[in-house]
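To be precise, the following lines are input09.txt, and they hold compact mmCIF, C-alpha atoms.
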```txt
# COMPACT_ATOMS: atom_id res chain seq x y z
CA ASP E 1 -22.88 -2.48 47.85
CA ALA E 2 -22.79 -4.00 51.34
CA GLY E 3 -19.08 -4.70 51.12
CA VAL E 4 -17.40 -7.95 52.07
CA ILE E 5 -19.62 -9.85 54.48
CA GLN E 6 -18.27 -12.32 56.98
CA SER E 7 -20.01 -14.60 59.42
CA PRO E 8 -20.06 -15.26 62.25
CA ARG E 9 -18.64 -12.10 63.85
CA HIS E 10 -17.57 -14.06 66.91
CA GLU E 11 -16.99 -17.77 67.37
CA VAL E 12 -16.11 -19.47 70.63
CA THR E 13 -15.42 -23.16 70.48
CA GLU E 14 -13.61 -25.88 72.31
CA MET E 15 -10.36 -27.45 71.25
CA GLY E 16 -10.94 -30.28 68.80
CA GLN E 17 -14.14 -28.89 67.34
CA GLU E 18 -14.61 -28.03 63.69
CA VAL E 19 -14.94 -24.34 62.87
CA THR E 20 -16.29 -22.91 59.62
CA LEU E 21 -15.91 -19.26 58.74
CA ARG E 22 -17.89 -17.75 55.90
CA CYS E 23 -17.33 -14.95 53.45
CA LYS E 24 -19.34 -13.22 50.75
CA PRO E 25 -17.09 -11.05 48.57
CA ILE E 26 -18.18 -7.90 46.82
CA SER E 27 -20.19 -8.79 43.75
CA GLY E 28 -18.08 -8.85 40.62
CA HIS E 29 -14.75 -9.14 42.40
CA ASP E 30 -12.49 -11.78 40.88
CA TYR E 31 -10.07 -12.16 43.77
CA LEU E 32 -10.78 -13.36 47.28
CA PHE E 33 -8.25 -13.47 50.11
CA TRP E 34 -8.29 -15.01 53.56
CA TYR E 35 -6.09 -13.35 56.22
CA ARG E 36 -5.39 -14.10 59.84
CA GLN E 37 -4.55 -11.35 62.32
CA THR E 38 -2.78 -11.92 65.62
CA MET E 39 -0.81 -9.65 67.91
CA MET E 40 2.24 -11.83 67.44
CA ARG E 41 2.28 -12.03 63.65
CA GLY E 42 0.06 -9.20 62.48
CA LEU E 43 -1.86 -9.74 59.24
CA GLU E 44 -0.89 -12.91 57.38
CA LEU E 45 -2.24 -14.07 54.05
CA LEU E 46 -3.50 -17.64 54.30
CA ILE E 47 -4.86 -18.34 50.83
CA TYR E 48 -6.30 -16.53 47.85
CA PHE E 49 -8.65 -17.40 45.00
CA ASN E 50 -8.97 -16.08 41.49
CA ASN E 51 -12.29 -16.76 39.77
CA ASN E 52 -13.14 -19.32 42.47
CA VAL E 53 -9.90 -21.27 41.93
CA PRO E 54 -7.36 -21.49 44.78
CA ILE E 55 -4.13 -20.03 43.47
CA ASP E 56 -1.77 -20.00 46.43
CA ASP E 57 -2.38 -21.71 49.76
CA SER E 58 1.20 -21.52 50.98
CA GLY E 59 0.12 -19.38 53.90
CA MET E 60 -2.21 -22.02 55.31
CA PRO E 61 -0.50 -23.05 58.52
CA GLU E 62 -1.37 -26.73 58.62
CA ASP E 63 -3.49 -29.41 57.02
CA ARG E 64 -6.09 -28.66 59.65
CA PHE E 65 -6.93 -25.56 57.62
CA SER E 66 -8.86 -25.78 54.37
CA ALA E 67 -10.67 -23.25 52.20
CA LYS E 68 -13.19 -23.54 49.43
CA MET E 69 -14.93 -21.23 47.03
CA PRO E 70 -17.81 -23.13 45.44
CA ASN E 71 -19.08 -20.08 43.57
CA ALA E 72 -18.26 -16.45 42.96
CA SER E 73 -20.28 -15.23 45.91
CA PHE E 74 -19.25 -17.55 48.71
CA SER E 75 -16.13 -18.89 50.37
CA THR E 76 -15.44 -20.87 53.53
CA LEU E 77 -12.40 -21.32 55.72
CA LYS E 78 -12.54 -24.46 57.82
CA ILE E 79 -10.39 -25.52 60.74
CA GLN E 80 -10.65 -29.14 61.80
CA PRO E 81 -9.73 -29.89 64.51
CA SER E 82 -9.33 -26.46 66.05
CA GLU E 83 -6.62 -25.68 68.60
CA PRO E 84 -6.18 -22.81 71.07
CA ARG E 85 -3.34 -21.36 68.98
CA ASP E 86 -5.81 -20.85 66.15
CA SER E 87 -7.43 -18.08 68.19
CA ALA E 88 -7.22 -14.94 66.08
CA VAL E 89 -9.27 -12.61 63.93
CA TYR E 90 -9.82 -13.99 60.45
CA PHE E 91 -10.47 -11.55 57.65
CA CYS E 92 -11.78 -12.09 54.19
CA ALA E 93 -10.97 -9.51 51.51
CA SER E 94 -11.78 -9.12 47.85
CA SER E 95 -10.54 -7.10 44.91
CA LEU E 96 -11.91 -6.51 41.45
CA ASN E 97 -8.86 -7.73 39.57
CA ARG E 98 -5.11 -7.32 39.46
CA ASP E 99 -5.31 -3.80 38.13
CA PRO E 100 -3.14 -1.80 40.52
CA ASN E 101 -5.68 1.00 40.42
CA GLU E 102 -8.17 -1.25 42.17
CA LYS E 103 -8.43 -1.53 45.93
CA LEU E 104 -8.51 -4.38 48.41
CA PHE E 105 -11.66 -4.40 50.51
CA PHE E 106 -11.82 -6.18 53.85
CA GLY E 107 -14.73 -7.62 55.74
CA SER E 108 -15.23 -6.95 59.45
CA GLY E 109 -13.62 -10.22 60.42
CA THR E 110 -14.47 -13.23 62.56
CA GLN E 111 -13.06 -13.22 66.07
CA LEU E 112 -12.26 -16.87 66.83
CA SER E 113 -11.56 -18.08 70.33
CA VAL E 114 -10.62 -21.71 70.81
CA LEU E 115 -10.73 -22.76 74.46
CA GLY S 1 -4.33 -19.47 74.24
CA GLU S 2 -1.86 -17.24 72.51
CA SER S 3 1.38 -16.25 74.14
CA VAL S 4 1.91 -12.57 74.77
CA GLY S 5 2.80 -10.81 71.53
CA LEU S 6 4.20 -7.49 70.56
CA HIS S 7 2.62 -4.36 71.94
CA LEU S 8 1.71 -1.89 69.23
CA PRO S 9 3.56 1.42 69.31
CA THR S 10 1.13 4.11 70.32
CA LEU S 11 0.90 7.76 69.33
CA SER S 12 -1.21 9.92 71.61
CA VAL S 13 -2.27 13.35 70.38
CA GLN S 14 -4.77 16.04 71.24
CA GLU S 15 -7.69 16.81 68.99
CA GLY S 16 -6.68 19.40 66.44
CA ASP S 17 -3.00 18.46 66.44
CA ASN S 18 -1.26 17.08 63.39
CA SER S 19 -0.25 13.42 63.60
CA ILE S 20 2.66 11.71 61.92
CA ILE S 21 2.82 7.94 61.76
CA ASN S 22 5.98 6.33 60.48
CA CYS S 23 6.71 3.05 58.79
CA ALA S 24 9.85 1.34 57.59
CA TYR S 25 9.46 -1.10 54.74
CA SER S 26 11.75 -3.96 53.94
CA ASN S 27 11.72 -4.79 50.24
CA SER S 28 13.66 -2.45 47.99
CA ALA S 29 11.74 -3.90 45.04
CA SER S 30 8.40 -2.68 46.43
CA ASP S 31 6.92 -0.01 44.22
CA TYR S 32 3.48 0.49 45.66
CA PHE S 33 2.54 1.45 49.20
CA ILE S 34 -0.77 1.70 50.98
CA TRP S 35 -1.91 3.05 54.31
CA TYR S 36 -4.82 1.30 56.00
CA LYS S 37 -6.87 2.35 59.01
CA GLN S 38 -8.33 -0.31 61.27
CA GLU S 39 -10.92 0.69 63.81
CA SER S 40 -11.80 -1.56 66.70
CA GLY S 41 -13.89 -4.52 65.56
CA LYS S 42 -13.49 -3.73 61.88
CA GLY S 43 -11.29 -4.76 59.01
CA PRO S 44 -8.54 -2.59 57.55
CA GLN S 45 -9.82 0.25 55.43
CA PHE S 46 -7.90 1.92 52.59
CA ILE S 47 -6.79 5.47 53.31
CA ILE S 48 -4.28 6.48 50.68
CA ASP S 49 -1.68 4.94 48.41
CA ILE S 50 1.47 6.05 46.66
CA ARG S 51 3.61 4.64 43.89
CA SER S 52 7.37 4.68 43.96
CA ASN S 53 7.61 7.24 41.18
CA MET S 54 6.23 9.80 43.63
CA ASP S 55 7.53 11.05 46.95
CA LYS S 56 4.39 12.75 48.17
CA ARG S 57 0.67 12.36 47.73
CA GLN S 58 -2.14 14.24 49.37
CA GLY S 59 -5.68 13.29 50.17
CA GLN S 60 -8.34 14.78 52.34
CA ARG S 61 -6.53 15.71 55.57
CA VAL S 62 -3.92 13.02 54.90
CA THR S 63 -0.55 13.13 53.22
CA VAL S 64 1.77 10.23 52.53
CA LEU S 65 5.49 10.78 52.13
CA LEU S 66 7.80 8.22 50.63
CA ASN S 67 11.58 8.16 51.03
CA LYS S 68 12.91 5.33 48.92
CA THR S 69 16.50 6.01 49.89
CA VAL S 70 15.92 4.94 53.46
CA LYS S 71 12.83 2.81 52.75
CA HIS S 72 10.61 4.96 54.90
CA LEU S 73 6.97 5.88 54.62
CA SER S 74 4.97 8.31 56.70
CA LEU S 75 1.33 9.23 57.06
CA GLN S 76 0.46 12.73 58.14
CA ILE S 77 -3.02 13.48 59.42
CA ALA S 78 -3.93 17.14 59.68
CA ALA S 79 -6.21 18.45 62.41
CA THR S 80 -6.59 15.05 64.01
CA GLN S 81 -10.08 14.20 65.23
CA PRO S 82 -11.31 11.65 67.79
CA GLY S 83 -12.69 9.62 64.89
CA ASP S 84 -9.14 9.15 63.66
CA SER S 85 -8.39 6.96 66.66
CA ALA S 86 -7.49 3.56 65.22
CA VAL S 87 -4.58 1.32 64.32
CA TYR S 88 -2.78 2.39 61.17
CA PHE S 89 -0.91 -0.07 58.97
CA CYS S 90 1.43 0.56 56.12
CA ALA S 91 1.64 -2.08 53.44
CA GLU S 92 4.11 -2.61 50.64
CA ASN S 93 3.60 -4.35 47.34
CA ILE S 94 4.99 -4.89 43.90
CA LEU S 95 2.47 -3.46 41.44
CA ASP S 96 2.49 -6.18 38.80
CA THR S 97 2.00 -9.02 41.25
CA GLY S 98 -1.45 -8.17 42.56
CA PHE S 99 -2.54 -8.01 46.18
CA GLN S 100 -1.33 -11.52 46.94
CA LYS S 101 2.13 -10.10 47.58
CA LEU S 102 0.91 -7.32 49.85
CA VAL S 103 2.99 -7.23 53.07
CA PHE S 104 1.60 -5.42 56.08
CA GLY S 105 3.58 -3.64 58.76
CA THR S 106 2.92 -4.24 62.44
CA GLY S 107 0.77 -1.16 62.92
CA THR S 108 0.69 1.96 65.07
CA ARG S 109 -2.14 2.81 67.42
CA LEU S 110 -3.30 6.43 67.27
CA LEU S 111 -5.15 7.75 70.30
CA VAL S 112 -6.82 11.13 69.95
CA SER S 113 -7.95 12.91 73.09
CA PRO S 114 -10.78 15.46 72.90
```

Here is the file; what I need is its structure written in the form of structure tokens.
Amino acid sequence: DAGVIQSPRHEVTEMGQEVTLRCKPISGHDYLFWYRQTMMRGLELLIYFNNNVPIDDSGMPEDRFSAKMPNASFSTLKIQPSEPRDSAVYFCASSLNRDPNEKLFFGSGTQLSVL
Amino acid sequence: GESVGLHLPTLSVQEGDNSIINCAYSNSASDYFIWYKQESGKGPQFIIDIRSNMDKRQGQRVTVLLNKTVKHLSLQIAATQPGDSAVYFCAENILDTGFQKLVFGTGTRLLVSP
């Protein structure tokens, strides 16, 4: 398996622009998580999905952030409009189920810079 | 842009030395702990985990120790290699809740000199 795949790897945009980050979870995984990583706050959970349904979006910082999972193999995280303080590395992760013997697998992340 | 944030604590060791990375966790209800390794430009990668009914678990070159009394976790890496250079995170969780309750520590940077 190729693991969790994220695109783009790097995104540089100007303040006010819309940004869309993409994620393909590991095939067969029921859970998908979006995290943000900054030096100030470390790794923060933004939102997670179970079987394509958003379960908890309490970590989404503002209404400018939205996430969708139209099918089991694809999810997007959108920021509109983007602001410089959104600059961070955004990770997508997936897990098979809630079985504690399963592991959480992370993608390589999208480095977002908002100028 | 972002304001200046915390600097990661750094552990510098020589190749072949043993490394010990420490972590304090916050929730006394946590019963499952994971160590992740994050190399530059990559996402966190699972290293080893331990449940609260254990105080020690060994893997290949790594050992995790858990002290529930003082809420302390440590990762020991034997015969550290340059490829071990990375940021190491501990994470705490409550087993029945799934990964959505996983809380990550701030991380420690390990630098291994040849």

With a cut-off of 6 Å, could you pull out the residues of chain E touching chain S and give me the nearest pair of atoms for each, distance in Å to one decimal, using only C-alpha atoms, ordered by chain and ascending number, as JSON lines?
```
{"residue": "E:Met39", "atom": "CA", "partner": "S:Gly5", "partner_atom": "CA", "distance": 5.2}
{"residue": "E:Met40", "atom": "CA", "partner": "S:Gly5", "partner_atom": "CA", "distance": 4.3}
{"residue": "E:Gly42", "atom": "CA", "partner": "S:Thr106", "partner_atom": "CA", "distance": 5.7}
{"residue": "E:Pro84", "atom": "CA", "partner": "S:Gly1", "partner_atom": "CA", "distance": 5.0}
{"residue": "E:Arg85", "atom": "CA", "partner": "S:Glu2", "partner_atom": "CA", "distance": 5.6}
{"residue": "E:Arg98", "atom": "CA", "partner": "S:Gly98", "partner_atom": "CA", "distance": 4.9}
{"residue": "E:Pro100", "atom": "CA", "partner": "S:Leu95", "partner_atom": "CA", "distance": 5.9}
{"residue": "E:Phe106", "atom": "CA", "partner": "S:Gly43", "partner_atom": "CA", "distance": 5.4}
{"residue": "E:Gly107", "atom": "CA", "partner": "S:Gly43", "partner_atom": "CA", "distance": 5.5}
{"residue": "E:Ser108", "atom": "CA", "partner": "S:Lys42", "partner_atom": "CA", "distance": 4.4}
```

*Taking into account all atoms listed in the file, which residue in the set E:Lys24, E:His10, E:Arg64, E:Lys103 is nearest to E:Tyr90?*
E:His10

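Note that atom CA of E:Gln80 and atom CA of E:Gln17 are 6.6 Å apart.
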
*asked:* Please report the interatomic distance between atom CA of S:Ile20 and atom CA of S:Leu66 in Å with one decimal.
replied: 12.9 Å

*So which residues fall inside 12 Å of (-6.0, -19.3, 67.5) if we count only C-alpha atoms? Mind giving them as a PyMOL selection string?*
(chain E and resi 11-15+19+36-41+61+65+79+81-90+110-115) or (chain S and resi 1-3)

_For atom CA of S:Pro9 and atom CA of S:Ala78, the interatomic separation in Å (one decimal)_ = 19.9 Å

*Place a sphere of radius 12 Å on (-5.4, 14.5, 49.6) in the file coordinates and name every protein, DNA or RNA residue with an atom inside or on its surface, counting only C-alpha atoms; give the answer as number ranges by chain.*
S: 47-50, 56-65, 75-78

*For each of S:Asn53, S:Leu11, S:His72, S:Ala79, take the minimum atom-to-atom distance to S:Tyr25, counting only C-alpha atoms, then give the residue where this is smallest.*
S:His72

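Closest approach to E:Leu32 from the set E:Gly3, E:Pro54, E:Gly109, E:Pro8 is made by E:Pro54, with distances taken over all atoms listed in the file.
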
So which residues touch S:Asn67 within 10 Å, counting all atoms listed in the file, skipping near sequence neighbours fewer than 6 positions away, as a PDB file with C-alpha atoms, in the frame of the given file?
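Generated output (result_30.pdb):
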```pdb
ATOM      1  CA  ALA S  24       9.850   1.340  57.590  1.00  0.00           C
ATOM      2  CA  SER S  52       7.370   4.680  43.960  1.00  0.00           C
ATOM      3  CA  MET S  54       6.230   9.800  43.630  1.00  0.00           C
ATOM      4  CA  ASP S  55       7.530  11.050  46.950  1.00  0.00           C
ATOM      5  CA  LYS S  56       4.390  12.750  48.170  1.00  0.00           C
ATOM      6  CA  LEU S  73       6.970   5.880  54.620  1.00  0.00           C
ATOM      7  CA  SER S  74       4.970   8.310  56.700  1.00  0.00           C
TER       8      SER S  74
END
```
